[in-house]
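Printed here is query.csv (CSV, C-alpha atoms and all ligand atoms):
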```csv
chain,number,residue,atom,x,y,z
A,1,MET,CA,-4.9,-5.7,6.3
A,2,LYS,CA,-5.3,-5.4,2.5
A,3,ARG,CA,-3.8,-8.3,0.5
A,4,MET,CA,-1.3,-8.0,-2.3
A,5,LEU,CA,-0.2,-10.7,-4.7
A,6,SER,CA,2.2,-10.9,-7.6
A,7,GLY,CA,4.3,-13.5,-9.5
A,8,ILE,CA,7.3,-13.6,-11.7
A,9,LYS,CA,7.8,-16.1,-14.5
A,10,PRO,CA,11.5,-16.9,-14.5
A,11,THR,CA,11.8,-18.1,-18.1
A,12,GLY,CA,15.4,-16.7,-17.9
A,13,GLN,CA,17.5,-14.8,-15.3
A,14,LEU,CA,15.8,-11.9,-13.5
A,15,HIS,CA,16.9,-8.5,-14.7
A,16,LEU,CA,16.9,-4.9,-13.6
A,17,GLY,CA,13.5,-4.3,-15.2
A,18,ASN,CA,11.9,-7.1,-13.1
A,19,TYR,CA,13.5,-5.5,-10.0
A,20,ILE,CA,12.5,-1.9,-10.7
A,21,GLY,CA,9.1,-2.7,-12.2
A,22,ALA,CA,8.0,-5.4,-9.8
A,23,LEU,CA,10.3,-6.9,-7.1
A,24,ARG,CA,11.2,-3.7,-5.3
A,25,HIS,CA,7.5,-2.9,-4.9
A,26,PHE,CA,6.9,-6.4,-3.3
A,27,VAL,CA,9.6,-5.5,-0.8
A,28,GLU,CA,8.3,-2.0,-0.1
A,29,SER,CA,4.8,-3.4,0.4
A,30,GLN,CA,5.5,-6.3,2.7
A,31,ASP,CA,5.0,-4.2,5.9
A,32,GLU,CA,1.9,-2.5,4.9
A,33,PHE,CA,0.1,-5.4,3.1
A,34,GLU,CA,-0.4,-9.1,3.5
A,35,MET,CA,2.0,-10.0,0.7
A,36,PHE,CA,1.9,-13.2,-1.5
A,37,ALA,CA,4.8,-13.5,-3.9
A,38,PHE,CA,5.1,-16.6,-6.0
A,39,ILE,CA,7.2,-18.1,-8.7
A,40,ALA,CA,5.1,-18.8,-11.7
A,41,ASN,CA,6.6,-22.0,-12.9
A,42,LEU,CA,3.4,-23.1,-14.7
A,43,HIS,CA,3.7,-19.9,-16.7
A,44,CYS,CA,7.3,-20.7,-17.5
A,45,ILE,CA,6.5,-23.8,-19.5
A,46,THR,CA,4.2,-21.9,-21.9
A,47,VAL,CA,7.4,-21.5,-23.9
A,48,PRO,CA,10.0,-24.3,-24.4
A,49,GLN,CA,12.4,-24.7,-21.5
A,50,ASP,CA,15.6,-26.6,-21.0
A,51,PRO,CA,14.8,-28.6,-17.8
A,52,ALA,CA,18.2,-28.1,-16.1
A,53,GLU,CA,18.2,-24.4,-16.9
A,54,LEU,CA,14.6,-24.0,-15.8
A,55,GLN,CA,15.4,-25.6,-12.4
A,56,LYS,CA,18.3,-23.3,-11.9
A,57,ASN,CA,16.3,-20.2,-12.8
A,58,LEU,CA,13.5,-21.2,-10.4
A,59,ARG,CA,16.0,-21.6,-7.5
A,60,ASP,CA,17.7,-18.3,-8.5
A,61,CYS,CA,14.3,-16.6,-8.5
A,62,VAL,CA,13.5,-17.6,-4.9
A,63,ALA,CA,17.0,-16.7,-3.8
A,64,LEU,CA,16.7,-13.3,-5.6
A,65,TYR,CA,13.3,-12.6,-4.0
A,66,LEU,CA,15.0,-13.0,-0.6
A,67,ALA,CA,18.1,-11.2,-1.6
A,68,CYS,CA,16.1,-8.2,-2.8
A,69,GLY,CA,14.6,-8.0,0.7
A,70,LEU,CA,11.5,-10.1,0.7
A,71,ASP,CA,11.2,-11.5,4.3
A,72,PRO,CA,9.6,-14.9,4.6
A,73,LYS,CA,8.4,-13.9,8.1
A,74,LYS,CA,6.3,-11.2,6.5
A,75,ALA,CA,5.5,-12.3,3.0
A,76,THR,CA,4.2,-15.7,1.8
A,77,ILE,CA,6.7,-16.9,-0.8
A,78,PHE,CA,5.8,-20.1,-2.8
A,79,LEU,CA,6.2,-22.1,-6.0
A,80,GLN,CA,3.0,-22.1,-8.1
A,81,THR,CA,3.0,-25.9,-8.6
A,82,ASP,CA,3.3,-26.5,-4.8
A,83,VAL,CA,-0.3,-25.2,-4.6
A,84,PRO,CA,-2.2,-27.4,-7.1
A,85,ALA,CA,-5.3,-25.2,-6.9
A,86,HIS,CA,-3.7,-22.8,-9.3
A,87,ALA,CA,-3.8,-25.3,-12.2
A,88,GLN,CA,-7.3,-26.4,-11.1
A,89,LEU,CA,-8.8,-23.0,-10.9
A,90,GLY,CA,-6.8,-22.0,-14.0
A,91,TYR,CA,-8.7,-24.6,-16.0
A,92,ILE,CA,-12.1,-23.3,-14.7
A,93,MET,CA,-11.1,-19.7,-15.5
A,94,CYS,CA,-10.1,-20.8,-19.0
A,95,CYS,CA,-13.6,-22.2,-19.5
A,96,HIS,CA,-15.0,-18.8,-18.6
A,97,THR,CA,-12.7,-16.8,-20.9
A,98,TYR,CA,-13.9,-16.0,-24.4
A,99,LEU,CA,-11.6,-16.6,-27.4
A,100,GLY,CA,-12.2,-13.0,-28.4
A,101,GLU,CA,-10.7,-11.9,-25.0
A,102,LEU,CA,-7.6,-14.1,-25.5
A,103,ASN,CA,-7.2,-12.9,-29.1
A,104,ARG,CA,-6.9,-9.3,-27.8
A,105,MET,CA,-4.0,-10.0,-25.4
A,106,THR,CA,-1.0,-8.1,-26.8
A,107,GLN,CA,1.7,-10.5,-25.5
A,108,PHE,CA,0.4,-13.4,-27.6
A,109,LYS,CA,-0.4,-11.1,-30.5
A,110,ASP,CA,3.1,-9.7,-30.5
A,111,LYS,CA,4.7,-13.1,-30.6
A,112,GLN,CA,2.4,-14.1,-33.4
A,113,ALA,CA,3.1,-10.9,-35.3
A,114,HIS,CA,6.9,-11.5,-35.0
A,115,GLY,CA,6.2,-14.7,-37.0
A,116,GLU,CA,7.1,-17.0,-34.1
A,117,THR,CA,5.8,-20.4,-35.0
A,118,ASN,CA,4.9,-23.4,-32.8
A,119,LEU,CA,3.4,-21.2,-30.1
A,120,SER,CA,1.7,-23.4,-27.5
A,121,GLY,CA,-1.9,-23.6,-26.3
A,122,GLY,CA,-0.6,-22.8,-22.8
A,123,LEU,CA,0.8,-19.5,-24.0
A,124,TYR,CA,-2.5,-18.6,-25.6
A,125,THR,CA,-4.5,-19.4,-22.5
A,126,TYR,CA,-2.1,-18.2,-19.8
A,127,PRO,CA,-4.0,-15.0,-19.0
A,128,SER,CA,-6.8,-17.3,-17.6
A,129,LEU,CA,-4.3,-19.0,-15.4
A,130,MET,CA,-3.0,-15.7,-14.3
A,131,ALA,CA,-6.5,-14.7,-13.3
A,132,ALA,CA,-6.7,-17.8,-11.2
A,133,ASP,CA,-3.4,-17.0,-9.5
A,134,ILE,CA,-4.8,-13.7,-8.4
A,135,LEU,CA,-8.4,-14.6,-7.6
A,136,LEU,CA,-7.6,-17.7,-5.5
A,137,TYR,CA,-6.3,-15.3,-2.8
A,138,ASP,CA,-8.9,-12.5,-3.0
A,139,ALA,CA,-6.0,-10.1,-3.6
A,140,ASP,CA,-6.8,-6.4,-3.4
A,141,TYR,CA,-3.8,-5.2,-5.3
A,142,VAL,CA,-1.5,-6.7,-7.9
A,143,PRO,CA,1.8,-4.8,-8.3
A,144,VAL,CA,3.1,-5.4,-11.9
A,145,GLY,CA,5.0,-3.7,-14.7
A,146,ASP,CA,3.2,-1.9,-17.4
A,147,ASP,CA,3.2,-5.0,-19.7
A,148,GLN,CA,0.9,-6.9,-17.3
A,149,LYS,CA,-1.8,-4.3,-16.9
A,150,GLN,CA,-4.0,-5.9,-19.7
A,151,HIS,CA,-3.9,-9.3,-17.9
A,152,VAL,CA,-5.0,-7.8,-14.6
A,153,GLU,CA,-7.8,-6.1,-16.4
A,154,LEU,CA,-8.9,-9.4,-17.9
A,155,THR,CA,-8.8,-10.8,-14.4
A,156,ARG,CA,-11.2,-8.1,-13.2
A,157,ASP,CA,-13.6,-8.9,-16.1
A,158,LEU,CA,-13.5,-12.6,-15.3
A,159,ALA,CA,-14.1,-12.0,-11.6
A,160,ILE,CA,-17.1,-9.8,-12.3
A,161,ARG,CA,-18.4,-12.3,-14.8
A,162,MET,CA,-18.2,-15.2,-12.4
A,163,ASN,CA,-19.6,-13.2,-9.5
A,164,ASN,CA,-22.6,-12.2,-11.7
A,165,ARG,CA,-23.2,-15.8,-12.7
A,166,TYR,CA,-22.5,-17.8,-9.5
A,167,GLY,CA,-22.8,-15.3,-6.7
A,168,ASP,CA,-20.1,-13.5,-4.7
A,169,LEU,CA,-17.0,-15.6,-5.4
A,170,PHE,CA,-14.1,-13.3,-5.9
A,171,LYS,CA,-12.7,-10.0,-4.9
A,172,VAL,CA,-12.2,-7.8,-7.9
A,173,PRO,CA,-8.4,-6.9,-7.8
A,174,GLU,CA,-6.7,-3.7,-8.9
A,175,PRO,CA,-3.4,-3.5,-10.7
A,176,LEU,CA,-0.7,-1.3,-9.1
A,177,ILE,CA,1.5,0.2,-11.7
A,178,ALA,CA,4.2,2.6,-10.4
A,179,LYS,CA,4.6,6.0,-12.0
A,180,THR,CA,8.4,5.6,-12.3
A,181,GLY,CA,10.0,2.4,-13.7
A,182,ALA,CA,7.0,0.5,-14.8
A,183,ARG,CA,8.6,0.0,-18.2
A,184,ILE,CA,12.4,0.0,-18.2
A,185,MET,CA,13.6,-0.1,-21.7
A,186,SER,CA,16.5,-2.0,-23.3
A,187,LEU,CA,19.8,-0.1,-23.1
A,188,SER,CA,20.7,-1.0,-26.6
A,189,ASP,CA,17.3,-0.2,-28.1
A,190,PRO,CA,15.2,2.2,-26.0
A,191,SER,CA,12.2,1.5,-28.1
A,192,LYS,CA,11.9,-2.0,-26.7
A,193,LYS,CA,11.4,-3.1,-23.1
A,194,MET,CA,14.3,-4.6,-21.2
A,195,SER,CA,13.6,-8.3,-21.5
A,196,LYS,CA,15.1,-11.7,-20.7
A,197,SER,CA,14.6,-12.5,-24.4
A,198,ASP,CA,17.1,-9.9,-25.5
A,199,GLU,CA,19.0,-11.7,-28.1
A,200,THR,CA,22.0,-9.4,-28.2
A,201,ASN,CA,22.3,-9.5,-24.4
A,202,LYS,CA,23.6,-5.9,-24.5
A,203,GLY,CA,20.4,-4.1,-23.5
A,204,CYS,CA,19.5,-6.2,-20.5
A,205,ILE,CA,21.2,-5.9,-17.1
A,206,TYR,CA,20.7,-9.2,-15.2
A,207,LEU,CA,20.6,-9.1,-11.4
A,208,LEU,CA,23.5,-11.6,-11.4
A,209,ASP,CA,25.7,-9.8,-13.9
A,210,THR,CA,29.2,-9.0,-12.8
A,211,GLU,CA,30.1,-5.4,-12.0
A,212,LYS,CA,32.1,-5.4,-15.2
A,213,GLN,CA,29.3,-6.6,-17.4
A,214,ALA,CA,26.8,-4.3,-15.9
A,215,ARG,CA,29.0,-1.2,-16.1
A,216,LYS,CA,29.8,-2.0,-19.7
A,217,LYS,CA,26.1,-2.2,-20.6
A,218,VAL,CA,25.3,1.1,-19.0
A,219,MET,CA,28.4,2.9,-20.5
A,220,SER,CA,27.4,1.7,-24.0
A,221,ALA,CA,23.7,2.5,-23.6
A,222,VAL,CA,22.2,4.1,-26.7
A,223,THR,CA,21.6,7.9,-26.1
A,224,ASP,CA,21.3,10.8,-28.5
A,225,SER,CA,23.4,13.8,-29.7
A,226,LEU,CA,21.6,16.5,-27.7
A,227,ALA,CA,24.1,16.4,-24.9
A,228,ASN,CA,21.5,17.4,-22.3
A,229,VAL,CA,20.4,15.3,-19.4
A,230,HIS,CA,16.7,16.0,-19.7
A,231,PHE,CA,13.6,13.9,-19.1
A,232,ASP,CA,12.0,13.7,-22.5
A,233,PRO,CA,11.0,10.1,-23.3
A,234,GLU,CA,9.8,11.0,-26.8
A,235,ASN,CA,12.9,12.8,-28.1
A,236,GLN,CA,15.5,11.4,-25.7
A,237,PRO,CA,14.3,7.9,-24.9
A,238,GLY,CA,17.7,6.5,-24.0
A,239,ILE,CA,18.5,9.3,-21.5
A,240,ALA,CA,14.9,9.2,-20.1
A,241,ASN,CA,15.4,5.5,-19.5
A,242,LEU,CA,18.7,5.9,-17.7
A,243,MET,CA,17.0,8.7,-15.6
A,244,GLN,CA,14.2,6.3,-14.7
A,245,ILE,CA,16.7,3.7,-13.6
A,246,MET,CA,18.6,6.2,-11.5
A,247,SER,CA,15.5,7.7,-10.0
A,248,SER,CA,14.1,4.3,-9.1
A,249,LEU,CA,17.3,3.2,-7.5
A,250,GLN,CA,17.4,6.4,-5.5
A,251,ASN,CA,14.0,6.1,-3.8
A,252,ASP,CA,12.1,7.7,-6.7
A,253,ARG,CA,14.3,10.8,-6.7
A,254,PRO,CA,12.6,13.6,-8.8
A,255,PHE,CA,13.8,13.9,-12.4
A,256,GLY,CA,14.3,17.7,-11.9
A,257,GLU,CA,16.9,17.0,-9.3
A,258,ILE,CA,18.8,14.7,-11.6
A,259,GLU,CA,18.6,17.2,-14.4
A,260,GLN,CA,20.1,19.9,-12.1
A,261,GLU,CA,22.9,17.7,-10.9
A,262,PHE,CA,24.0,16.9,-14.4
A,263,ALA,CA,23.3,20.3,-16.1
A,264,GLY,CA,26.1,21.2,-18.3
A,265,ARG,CA,27.9,17.9,-17.8
A,266,GLY,CA,28.4,15.3,-20.5
A,267,TYR,CA,26.6,12.0,-20.9
A,268,GLY,CA,29.9,10.2,-19.9
A,269,ASP,CA,29.6,11.6,-16.4
A,270,PHE,CA,25.9,10.8,-16.2
A,271,LYS,CA,26.3,7.2,-17.4
A,272,ARG,CA,29.1,6.7,-14.9
A,273,ALA,CA,26.8,7.8,-12.1
A,274,VAL,CA,24.0,5.5,-13.3
A,275,ALA,CA,26.5,2.6,-13.5
A,276,ASP,CA,27.7,3.3,-10.0
A,277,GLU,CA,24.1,3.2,-8.7
A,278,VAL,CA,23.3,0.0,-10.6
A,279,CYS,CA,26.5,-1.7,-9.5
A,280,ALA,CA,26.0,-0.8,-5.9
A,281,LYS,CA,22.5,-2.3,-6.0
A,282,LEU,CA,23.7,-5.5,-7.7
A,283,ASN,CA,26.5,-5.8,-5.2
A,284,GLU,CA,24.1,-5.6,-2.3
A,285,ILE,CA,21.7,-8.1,-3.9
A,286,GLN,CA,24.5,-10.6,-4.9
A,287,GLY,CA,26.1,-10.5,-1.5
A,288,ARG,CA,22.8,-11.7,0.1
A,289,TYR,CA,22.1,-14.1,-2.8
A,290,ASN,CA,25.4,-16.0,-2.2
A,291,GLU,CA,24.6,-16.3,1.5
A,292,ILE,CA,21.1,-17.6,0.7
A,293,LEU,CA,22.4,-20.2,-1.7
A,294,ALA,CA,24.8,-21.5,0.9
A,295,SER,CA,21.9,-22.0,3.4
A,296,ASP,CA,18.7,-24.1,3.5
A,297,VAL,CA,16.5,-21.0,3.5
A,298,ILE,CA,15.1,-21.6,0.0
A,299,GLU,CA,13.7,-25.0,1.0
A,300,THR,CA,12.2,-23.8,4.3
A,301,THR,CA,10.7,-20.7,2.7
A,302,LEU,CA,9.0,-22.6,0.0
A,303,LYS,CA,7.7,-25.3,2.3
A,304,ASP,CA,6.2,-22.8,4.8
A,305,GLY,CA,4.9,-20.6,1.9
A,306,ALA,CA,3.1,-23.5,0.2
A,307,ALA,CA,1.5,-24.6,3.4
A,308,LYS,CA,0.1,-21.1,4.1
A,309,ALA,CA,-0.9,-20.4,0.5
A,310,GLY,CA,-2.4,-23.9,0.1
A,311,VAL,CA,-4.9,-23.5,2.9
A,312,ILE,CA,-6.3,-20.3,1.4
A,313,ALA,CA,-6.2,-21.5,-2.2
A,314,SER,CA,-7.9,-24.9,-1.6
A,315,ALA,CA,-10.7,-23.2,0.4
A,316,LYS,CA,-11.4,-20.8,-2.5
A,317,LEU,CA,-11.2,-23.6,-5.1
A,318,ALA,CA,-13.7,-25.7,-3.1
A,319,LYS,CA,-16.1,-22.7,-2.9
A,320,VAL,CA,-15.9,-22.2,-6.7
A,321,GLN,CA,-16.4,-25.8,-7.5
A,322,LYS,CA,-19.4,-26.0,-5.3
A,323,ALA,CA,-20.9,-22.7,-6.7
A,324,ILE,CA,-20.5,-24.1,-10.3
A,325,GLY,CA,-22.2,-27.3,-9.3
A,326,MET,CA,-19.2,-29.5,-10.1
A,327,GLU,CA,-19.0,-31.3,-6.8
A,328,ILE,CA,-20.8,-34.3,-5.4
A,329,VAL,CA,-19.2,-34.7,-2.0
A,330,SER,CA,-18.5,-31.3,-0.4
A,331,LYS,CA,-14.8,-30.6,0.6
B,401,LIG,P1,10.4,-10.6,-19.9
B,401,LIG,O1,9.8,-9.8,-21.0
B,401,LIG,O2,11.7,-10.1,-19.4
B,401,LIG,O3,10.5,-12.1,-20.2
B,401,LIG,P2,8.0,-10.8,-18.4
B,401,LIG,O4,7.3,-9.5,-18.2
B,401,LIG,O5,7.5,-11.6,-19.6
B,401,LIG,O6,9.5,-10.5,-18.6
B,401,LIG,P3,8.2,-11.7,-15.7
B,401,LIG,O7,9.6,-12.0,-15.5
B,401,LIG,O8,7.3,-12.6,-15.0
B,401,LIG,O9,7.9,-11.7,-17.2
B,401,LIG,O10,7.9,-10.3,-15.1
B,401,LIG,C1,7.9,-10.1,-13.8
B,401,LIG,C2,7.4,-8.7,-13.5
B,401,LIG,O11,8.4,-7.8,-14.0
B,401,LIG,C3,6.1,-8.3,-14.1
B,401,LIG,O12,5.4,-7.6,-13.2
B,401,LIG,C4,6.5,-7.5,-15.3
B,401,LIG,O13,5.5,-6.5,-15.6
B,401,LIG,C5,7.8,-6.8,-14.7
B,401,LIG,N1,8.7,-6.4,-15.8
B,401,LIG,C6,9.2,-7.2,-16.8
B,401,LIG,N2,10.0,-6.5,-17.6
B,401,LIG,C7,10.0,-5.2,-17.2
B,401,LIG,C8,10.6,-4.0,-17.6
B,401,LIG,N3,11.4,-3.9,-18.6
B,401,LIG,N4,10.3,-2.8,-16.9
B,401,LIG,C9,9.5,-2.8,-15.8
B,401,LIG,N5,8.9,-4.0,-15.4
B,401,LIG,C10,9.1,-5.1,-16.0
B,402,LIG,N1,2.1,-13.1,-16.2
B,402,LIG,C1,3.2,-12.5,-15.4
B,402,LIG,C2,3.6,-13.4,-14.3
B,402,LIG,C3,2.4,-13.7,-13.4
B,402,LIG,C4,1.7,-12.9,-12.5
B,402,LIG,C5,0.7,-13.7,-12.0
B,402,LIG,C6,1.9,-11.6,-12.1
B,402,LIG,C7,1.8,-14.9,-13.4
B,402,LIG,N2,0.7,-14.9,-12.6
B,402,LIG,C8,-0.3,-13.2,-11.1
B,402,LIG,C9,1.0,-11.1,-11.2
B,402,LIG,C10,-0.1,-11.8,-10.7
B,402,LIG,C11,4.3,-12.2,-16.3
B,402,LIG,O1,4.5,-12.8,-17.3
B,402,LIG,N3,5.1,-11.3,-15.9
```
Would you write the structure of this file as structure tokens?
Amino acid sequence: MKRMLSGIKPTGQLHLGNYIGALRHFVESQDEFEMFAFIANLHCITVPQDPAELQKNLRDCVALYLACGLDPKKATIFLQTDVPAHAQLGYIMCCHTYLGELNRMTQFKDKQAHGETNLSGGLYTYPSLMAADILLYDADYVPVGDDQKQHVELTRDLAIRMNNRYGDLFKVPEPLIAKTGARIMSLSDPSKKMSKSDETNKGCIYLLDTEKQARKKVMSAVTDSLANVHFDPENQPGIANLMQIMSSLQNDRPFGEIEQEFAGRGYGDFKRAVADEVCAKLNEIQGRYNEILASDVIETTLKDGAAKAGVIASAKLAKVQKAIGMEIVSK
């Protein structure tokens, strides 16, 4: 069975972009692949966090993994810091990453370009830690949204570099980026991706938004004056984005079918249909989320997940340390 691994960094509440771009693919893949899904809490602290809020977001993230349909009997679900090999291999990977490579990473560059000050060293080097996350498990595939492709490509380069230098250590992973929904855009500004760091809070639908909040955001989504439901991301980015959302929530329904259904109808009708679809999905997720929070399933899931992941990760770490020549007594 091929192995698949991915993580989410809950620096805030999870949103519809996370669900469509990443989480739903974890769920779809858990029968076909050996799935590892973790909560990247080391990555969270690369930007300042309020401790109480971070803890809540981490718990919510596990609960939402489960509520979206990840099954702990099929997938290994764990918290990154419960498997210390991530930080350990992360440091080793960092020592094998060139500054030039880190300088090219767009996420860091964008933050710098926006004039953000006091950026941390952890944020700069986090692609090396992400490489460790993936390589520890010899993952074949890494399902991510579009914004993470560059990091998985760096991971491949690092794996090849280390394999050439020390012998066959790592499997070279492949990013899996879906054709539809890999970049859901902000509803209030369809030139930006839907993001937790949306300051206005109008363009981002959180998975825990109330029905009223979510509906309002969809109904006030920025569109255009062409009055034609047509998939044209360049000239009608707002409508194309709503079509991506609808298509993804309807099992990747073809855009042509959506165009046909709404031909000659106004944007109001179309938006109402998108809002219905979004609210139905949120209701389904939130129903399960509340049940999960009332049980002890989060604790048992993380305990079992860390035990399973830990065995694989520490064996890989030991192999790497030995190959590099860092060990005196073999583990
Ligand atoms: P954000 O920008 O919202 O803070 P992020 O991409 O920095 O999110 P994560 O929450 O860890 O951080 O992302 C988890 C997964 O969700 C990743 O695979 C990421 O590519 C995907 N993702 C994030 N935003 C979107 C989006 N707007 N559309 C599609 N996929 C997304
Ligand atoms: N960097 C990712 C989260 C992440 C991840 C990973 C994704 C951390 N480690 C390993 C896939 C595989 C993000 O910011 N979205």
For this session: Could you tell me, counting all atoms listed in the file, which protein and nucleic acid residues lie no more than 8 Å from ligand LIG 401 (chain B), written as a PyMOL selection string?
Result: chain A and resi 6-12+14-23+40+143-149+181-186+193-197
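If you measure from each of A:Asp133, A:Glu116, A:Asp110, A:Asp31 to ligand LIG 402 (chain B) using only C-alpha atoms and all ligand atoms, the closest one turns out to be A:Asp133.
When only C-alpha atoms are used to measure the gap to A:Ile205, the shortest distance among A:Cys279, A:Gly266, A:Pro173, A:Leu66 belongs to A:Cys279.
Shortest separation to A:Ala221 among A:Leu187, A:Ile245, A:Ala37, A:Leu169 occurs at residue A:Leu187, atoms counted being only C-alpha atoms.
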Exercise. What's the 12 Å shell around stretch 151-164 of chain A, counting all atoms listed in the file, without same-chain residues fewer than 2 positions away, as a ChimeraX atom specification?
Worked result: /A:5-6,90,92-98,100-108,125-136,138-149,166-177,320-321,323-324
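Here the question is which of A:His86, A:Lys73, A:Lys2, A:Arg265 gets nearest to ligand LIG 402 (chain B) using only C-alpha atoms and all ligand atoms, and that residue is A:His86.
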Quick one: axis-aligned box around all listed atoms of ligand LIG 402 (chain B), 8 Å on every side, centre and edge lengths in Å to one decimal, written as AutoDock Vina command-line options.
```
--center_x 2.4 --center_y -13.0 --center_z -14.0 --size_x 21.4 --size_y 19.8 --size_z 22.6
```
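Proximity ranking of A:Leu123, A:Asp82, A:Glu28, A:Tyr65 relative to ligand LIG 402 (chain B) places A:Leu123 first, based on all atoms listed in the file.
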Exercise. Do you know which residues lie at most 12 Å from (-3.5, -20.6, 3.1), with coordinates as in the file and all atoms listed in the file counted, and could you write them as JSON, numbers by chain?
Worked result: {"A": [34, 36, 76, 77, 78, 82, 83, 85, 136, 137, 138, 304, 305, 306, 307, 308, 309, 310, 311, 312, 313, 314, 315, 316, 317]}
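Taking atom CA of A:Lys271 and atom CA of A:Met219 as the two end points, the separation is 5.7 Å.
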Problem set entry | Nearby residues (only C-alpha atoms) at most 10 Å from A:Cys68, same-chain spacing under 6 positions excluded, as JSON, numbers by chain | {"A": [19, 23, 24, 26, 27, 62, 207, 281, 282, 284, 285, 286, 288, 289]}
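Distances to A:Phe255 were evaluated for A:Asp269, A:Asp232, A:Glu291, A:Glu277 using all atoms listed in the file, and the minimum falls at A:Asp232.
Our summary of the geometry notes that atom CA of A:Gln213 is positioned 29.2 Å from atom CA of A:Asp296.
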For this session: Find the residues around A:Gln260 up to 12 Å (all atoms listed in the file counted), leave out those fewer than 5 positions away in its own chain, and share them as a VMD selection string.
Result: chain A and resid 228 to 231 254 to 255 265 270
Problem set entry | Interatomic distance (Å, one decimal) between atom CA of A:Gly69 and atom CA of A:Gln150 | 27.7 Å
Problem set entry | Close residues, A:Asn290 itself excluded, 10 Å, all atoms listed in the file, min 4 positions apart in chain, as a PyMOL selection string | chain A and resi 63-64+67+285-286+294-295
For stretch 322-326 of chain A, supply all heavy atoms and format the output as a compact mmCIF listing (two decimals), in the frame of the given file.
```
# COMPACT_ATOMS: atom_id res chain seq x y z
N LYS A 322 -18.06 -25.75 -5.82
CA LYS A 322 -19.40 -26.00 -5.30
C LYS A 322 -20.39 -25.00 -5.97
O LYS A 322 -21.48 -25.42 -6.40
CB LYS A 322 -19.37 -25.67 -3.76
CG LYS A 322 -20.63 -26.03 -3.06
CD LYS A 322 -20.40 -26.16 -1.57
CE LYS A 322 -21.71 -26.54 -0.93
NZ LYS A 322 -22.03 -25.73 0.22
N ALA A 323 -20.01 -23.74 -6.11
CA ALA A 323 -20.90 -22.70 -6.70
C ALA A 323 -21.23 -23.11 -8.16
O ALA A 323 -22.34 -22.89 -8.63
CB ALA A 323 -20.23 -21.36 -6.66
N ILE A 324 -20.27 -23.71 -8.85
CA ILE A 324 -20.50 -24.10 -10.30
C ILE A 324 -21.38 -25.33 -10.36
O ILE A 324 -22.01 -25.58 -11.38
CB ILE A 324 -19.14 -24.29 -10.95
CG1 ILE A 324 -18.40 -22.95 -11.06
CG2 ILE A 324 -19.27 -24.90 -12.33
CD1 ILE A 324 -17.03 -23.03 -11.70
N GLY A 325 -21.39 -26.10 -9.27
CA GLY A 325 -22.20 -27.30 -9.30
C GLY A 325 -21.36 -28.54 -9.73
O GLY A 325 -21.90 -29.54 -10.18
N MET A 326 -20.05 -28.43 -9.61
CA MET A 326 -19.20 -29.50 -10.10
C MET A 326 -18.96 -30.61 -9.07
O MET A 326 -18.42 -31.66 -9.41
CB MET A 326 -17.79 -28.94 -10.43
CG MET A 326 -17.77 -28.02 -11.61
SD MET A 326 -16.16 -27.21 -11.69
CE MET A 326 -15.12 -28.56 -12.24
```
